[in-house]
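S.K.: Contents of target25.txt (compact mmCIF, C-alpha atoms and all ligand atoms) are given next:
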```txt
# COMPACT_ATOMS: atom_id res chain seq x y z
CA MET A 24 94.38 48.34 -147.82
CA PHE A 25 95.45 45.67 -145.35
CA LYS A 26 93.24 47.19 -142.68
CA GLN A 27 90.30 47.10 -145.05
CA LEU A 28 90.90 43.44 -145.76
CA LEU A 29 90.97 42.71 -142.05
CA LEU A 30 87.69 44.54 -141.61
CA TRP A 31 86.10 42.46 -144.34
CA ILE A 32 87.32 39.25 -142.76
CA LEU A 33 86.12 40.34 -139.35
CA GLY A 34 82.76 41.33 -140.86
CA GLY A 35 82.54 37.93 -142.48
CA PHE A 36 83.05 36.25 -139.14
CA LEU A 37 80.52 38.45 -137.37
CA LEU A 38 77.98 37.73 -140.08
CA GLN A 39 78.14 34.05 -139.14
CA ALA A 40 76.45 34.93 -135.86
CA ILE A 41 73.25 35.61 -137.76
CA GLN A 42 71.62 32.42 -138.87
CA ILE A 43 68.20 31.49 -140.13
CA GLU A 44 66.96 28.48 -138.30
CA ILE A 45 65.15 25.72 -140.11
CA PRO A 46 62.69 24.15 -137.66
CA THR A 47 64.10 20.80 -136.59
CA PRO A 48 62.20 17.80 -137.94
CA PRO A 49 59.99 15.96 -135.46
CA GLU A 50 61.74 13.16 -133.56
CA SER A 51 59.75 10.43 -135.16
CA ILE A 52 58.60 10.61 -138.73
CA ASP A 53 55.77 8.27 -139.61
CA PRO A 54 56.79 6.55 -142.85
CA THR A 55 53.16 5.83 -143.71
CA GLN A 56 52.58 9.59 -144.07
CA GLU A 57 54.90 9.78 -147.06
CA ILE A 58 53.50 10.27 -150.54
CA LYS A 59 52.75 7.06 -152.43
CA ALA A 60 53.94 6.95 -156.01
CA PRO A 61 55.33 4.39 -158.43
CA PRO A 62 58.95 3.62 -157.46
CA ALA A 63 60.36 5.29 -160.59
CA ILE A 64 58.54 8.55 -159.80
CA LEU A 65 59.31 8.44 -156.11
CA SER A 66 63.01 8.05 -156.80
CA LEU A 67 62.92 11.10 -159.09
CA LEU A 68 61.17 13.16 -156.41
CA LYS A 69 63.71 11.99 -153.85
CA ARG A 70 66.62 12.89 -156.07
CA SER A 71 65.30 16.25 -157.23
CA CYS A 72 62.86 17.61 -154.70
CA TYR A 73 63.55 16.12 -151.28
CA ASP A 74 66.29 18.60 -150.35
CA CYS A 75 63.59 21.28 -150.03
CA HIS A 76 60.37 19.31 -149.90
CA SER A 77 61.02 16.77 -147.15
CA TYR A 78 62.82 16.42 -143.84
CA GLN A 79 65.63 14.60 -145.64
CA THR A 80 67.68 17.66 -146.48
CA LYS A 81 71.26 17.04 -147.44
CA MET A 82 72.82 20.31 -146.39
CA PRO A 83 75.78 21.32 -148.55
CA TRP A 84 78.90 22.65 -146.77
CA TYR A 85 78.23 26.18 -148.01
CA GLY A 86 74.71 25.93 -146.61
CA GLU A 87 76.07 26.92 -143.21
CA ILE A 88 78.05 29.95 -144.36
CA ALA A 89 76.33 33.33 -144.13
CA PRO A 90 75.14 35.03 -146.28
CA ILE A 91 74.73 32.01 -148.62
CA SER A 92 73.02 30.19 -145.79
CA PHE A 93 70.26 32.84 -145.74
CA GLU A 94 69.34 31.88 -149.27
CA VAL A 95 69.77 28.12 -148.85
CA LYS A 96 67.89 27.89 -145.57
CA SER A 97 65.03 30.08 -146.67
CA HIS A 98 64.55 27.82 -149.69
CA ILE A 99 64.41 24.80 -147.43
CA LYS A 100 62.12 26.48 -144.92
CA ASN A 101 59.71 27.84 -147.54
CA GLY A 102 59.94 24.75 -149.70
CA ARG A 103 59.02 22.52 -146.79
CA SER A 104 56.11 24.64 -145.74
CA ALA A 105 54.76 24.78 -149.29
CA LEU A 106 55.07 21.05 -149.72
CA ASN A 107 56.51 18.23 -147.64
CA PHE A 108 56.31 14.87 -149.35
CA GLN A 109 56.86 13.19 -145.98
CA THR A 110 53.74 14.67 -144.41
CA TRP A 111 51.58 14.01 -147.45
CA ALA A 112 48.89 12.05 -145.60
CA ASP A 113 48.25 15.11 -143.41
CA TYR A 114 47.08 17.17 -146.36
CA THR A 115 43.43 17.42 -147.25
CA PRO A 116 42.44 15.97 -150.63
CA GLN A 117 41.95 19.56 -151.85
CA ARG A 118 45.47 20.52 -150.87
CA GLN A 119 46.85 17.39 -152.49
CA GLN A 120 44.99 18.27 -155.67
CA LYS A 121 46.44 21.77 -155.57
CA ILE A 122 49.91 20.35 -155.26
CA TYR A 123 49.45 17.91 -158.13
CA GLN A 124 48.37 20.88 -160.21
CA GLY A 125 51.34 22.85 -158.88
CA ILE A 126 53.69 20.08 -159.96
CA VAL A 127 52.18 20.04 -163.44
CA ASP A 128 52.59 23.83 -163.62
CA THR A 129 56.10 24.13 -162.19
CA ILE A 130 57.99 21.05 -163.34
CA ASN A 131 59.05 22.47 -166.69
CA PHE A 132 60.74 25.65 -165.51
CA ARG A 133 60.31 26.62 -161.87
CA MET A 134 60.96 23.35 -160.04
CA PRO A 135 63.46 22.27 -158.97
CA MET A 136 64.62 25.85 -158.48
CA PRO A 137 66.99 26.83 -161.33
CA LEU A 138 69.52 28.41 -158.98
CA TYR A 139 69.66 25.18 -157.02
CA LEU A 140 70.23 23.18 -160.19
CA THR A 141 73.32 25.20 -161.07
CA LEU A 142 74.91 23.69 -157.95
CA HIS A 143 73.25 20.26 -157.93
CA ASP A 144 73.92 18.24 -161.03
CA GLU A 145 72.48 15.13 -159.44
CA ALA A 146 69.07 16.81 -159.13
CA LYS A 147 68.79 17.74 -162.80
CA LEU A 148 65.91 16.09 -164.61
CA SER A 149 65.98 15.09 -168.26
CA SER A 150 63.01 16.15 -170.34
CA LYS A 151 61.87 12.52 -170.28
CA GLU A 152 61.96 12.53 -166.49
CA ARG A 153 60.07 15.82 -166.28
CA HIS A 154 57.54 14.40 -168.63
CA ALA A 155 57.12 11.29 -166.47
CA ILE A 156 56.54 13.37 -163.34
CA LYS A 157 54.09 15.62 -165.14
CA ALA A 158 52.13 12.69 -166.57
CA TRP A 159 51.97 11.08 -163.14
CA ALA A 160 50.68 14.24 -161.43
CA LYS A 161 48.23 14.96 -164.24
CA GLY A 162 46.85 11.45 -163.99
CA LEU A 163 45.96 12.09 -160.34
CA LEU A 164 43.98 15.27 -160.95
CA THR A 165 40.26 14.88 -160.40
CA PRO A 166 38.50 17.84 -162.05
CA ILE A 167 35.31 17.32 -160.03
CA GLU A 168 36.90 18.16 -156.70
CA ARG A 169 38.48 21.40 -157.80
C1 LIG B 201 66.14 24.44 -153.69
C2 LIG B 201 64.90 24.11 -153.06
C3 LIG B 201 63.80 23.46 -153.88
C4 LIG B 201 63.86 22.32 -154.64
C5 LIG B 201 65.05 21.42 -154.89
C6 LIG B 201 62.52 22.09 -155.13
N1 LIG B 201 61.67 23.08 -154.68
FE1 LIG B 201 59.66 23.22 -155.01
N2 LIG B 201 59.57 24.92 -153.86
C7 LIG B 201 60.66 25.53 -153.25
C8 LIG B 201 60.22 26.75 -152.59
C9 LIG B 201 61.11 27.71 -151.83
C10 LIG B 201 58.82 26.85 -152.81
C11 LIG B 201 57.87 27.94 -152.31
C12 LIG B 201 58.03 29.20 -153.07
C13 LIG B 201 57.67 29.09 -154.51
O1 LIG B 201 56.54 28.65 -154.82
O2 LIG B 201 58.52 29.42 -155.34
C14 LIG B 201 58.45 25.68 -153.61
C15 LIG B 201 57.17 25.43 -154.05
C16 LIG B 201 56.79 24.30 -154.78
C17 LIG B 201 55.44 24.00 -155.20
C18 LIG B 201 54.23 24.85 -154.93
C19 LIG B 201 54.34 26.00 -155.90
C20 LIG B 201 53.09 26.43 -156.57
O3 LIG B 201 53.15 27.55 -157.09
O4 LIG B 201 52.12 25.67 -156.60
C21 LIG B 201 55.48 22.84 -155.90
C22 LIG B 201 54.32 22.11 -156.53
C23 LIG B 201 56.88 22.40 -155.92
N3 LIG B 201 57.65 23.31 -155.23
C24 LIG B 201 57.31 21.26 -156.55
C25 LIG B 201 58.64 20.84 -156.60
C26 LIG B 201 59.06 19.62 -157.25
C27 LIG B 201 58.13 18.63 -157.95
C28 LIG B 201 60.41 19.55 -157.10
C29 LIG B 201 61.34 18.49 -157.64
C30 LIG B 201 61.21 18.14 -159.02
C31 LIG B 201 60.84 20.73 -156.34
N4 LIG B 201 59.72 21.48 -156.06
C32 LIG B 201 62.13 21.02 -155.96
C33 LIG B 201 61.96 25.06 -153.25
C34 LIG B 201 62.42 23.93 -153.91
```
What would you get if you wrote out this structure as structure tokens?
M.R.:
Amino acid sequence: MFKQLLLWILGGFLLQAIQIEIPTPPESIDPTQEIKAPPAILSLLKRSCYDCHSYQTKMPWYGEIAPISFEVKSHIKNGRSALNFQTWADYTPQRQQKIYQGIVDTINFRMPMPLYLTLHDEAKLSSKERHAIKAWAKGLLTPIER
């Protein structure tokens, strides 16, 4: 029994040797590349989305502990590559349009990720706030380009 417990603890330590690496953000981030939005919207995006969709990730303490870190870091890695609000100006107008549409489609249920919200009260959006984000993104859709 005791031996088994020791093995588990040892295994837990060894597991820490495996880590997913999130690519380090570039040394200088050009602030003019960031998405432009009305201040009220931008502050919602920063509060709810920036942990995964920008370089400004606030890593929680458990984010470094394997195997939780596998989950946390893959969300950050994949979230950033799907959409980084800080490299917005780099995206083609088509890609930006796709993302606006993506926001409209995901804001009610999929984004921010539900699992993440169970641990991040501060990122929760009220239905009014979701509505505001949706209306903003919808307003930027140009049907002709799509
Ligand atoms: C916990 C990390 C996390 C948070 C927080 C988060 N996202 Fe995401 N997001 C992801 C990941 C991972 C993907 C890529 C995989 C996927 O589409 O599920 C993604 C993909 C997306 C996409 C592209 C998906 C598509 O199908 O078009 C949009 C748009 C998006 N997120 C919007 C948002 C918005 C808006 C917020 C804040 C209100 C937000 N996300 C918060 C992790 C996150």
S.K.: Kindly compile the residues surrounding ligand LIG 201 (chain B) within 9 Å, counting all atoms listed in the file, and format them as JSON, numbers by chain.
M.R.: {"A": [67, 68, 69, 70, 71, 72, 73, 74, 75, 76, 95, 96, 97, 98, 99, 100, 101, 102, 103, 104, 105, 106, 121, 122, 123, 124, 125, 126, 127, 128, 129, 130, 133, 134, 135, 136, 137, 138, 139, 140, 143, 146, 147, 148, 153, 156, 157]}
S.K.: What gap, in Å, lies between CA of Thr110 in chain A and CA of Ile64 in chain A?
M.R.: 17.2 Å
S.K.: With only C-alpha atoms as the basis for distance, which of A:Met24, A:Trp111, A:Glu87, A:Leu65 is at the shortest distance from Asp53 in chain A?
M.R.: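 With only C-alpha atoms as the atom set, the closest residue is A:Trp111.
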S.K.: Would you mind reading off the distance between CA of Gln42 in chain A and CA of Pro83 in chain A, one decimal, in Å?
M.R.: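 So the two atoms, CA of Gln42 in chain A and CA of Pro83 in chain A, lie 15.3 Å apart.
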S.K.: For the atom pair CA of Ile41 in chain A and CA of Asn107 in chain A, what is the interatomic distance in Å to one decimal place?
M.R.: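 Atom-to-atom, CA of Ile41 in chain A and CA of Asn107 in chain A are spaced 26.1 Å apart.
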S.K.: Give the answer as one residue: which of A:Pro116, A:Phe108, A:Leu38, A:Ile45 has the shortest atom-to-atom distance to Met82 in chain A, using all atoms listed in the file?
M.R.: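 Looking at the shortest contact to Met82 in chain A, the residue is A:Ile45.
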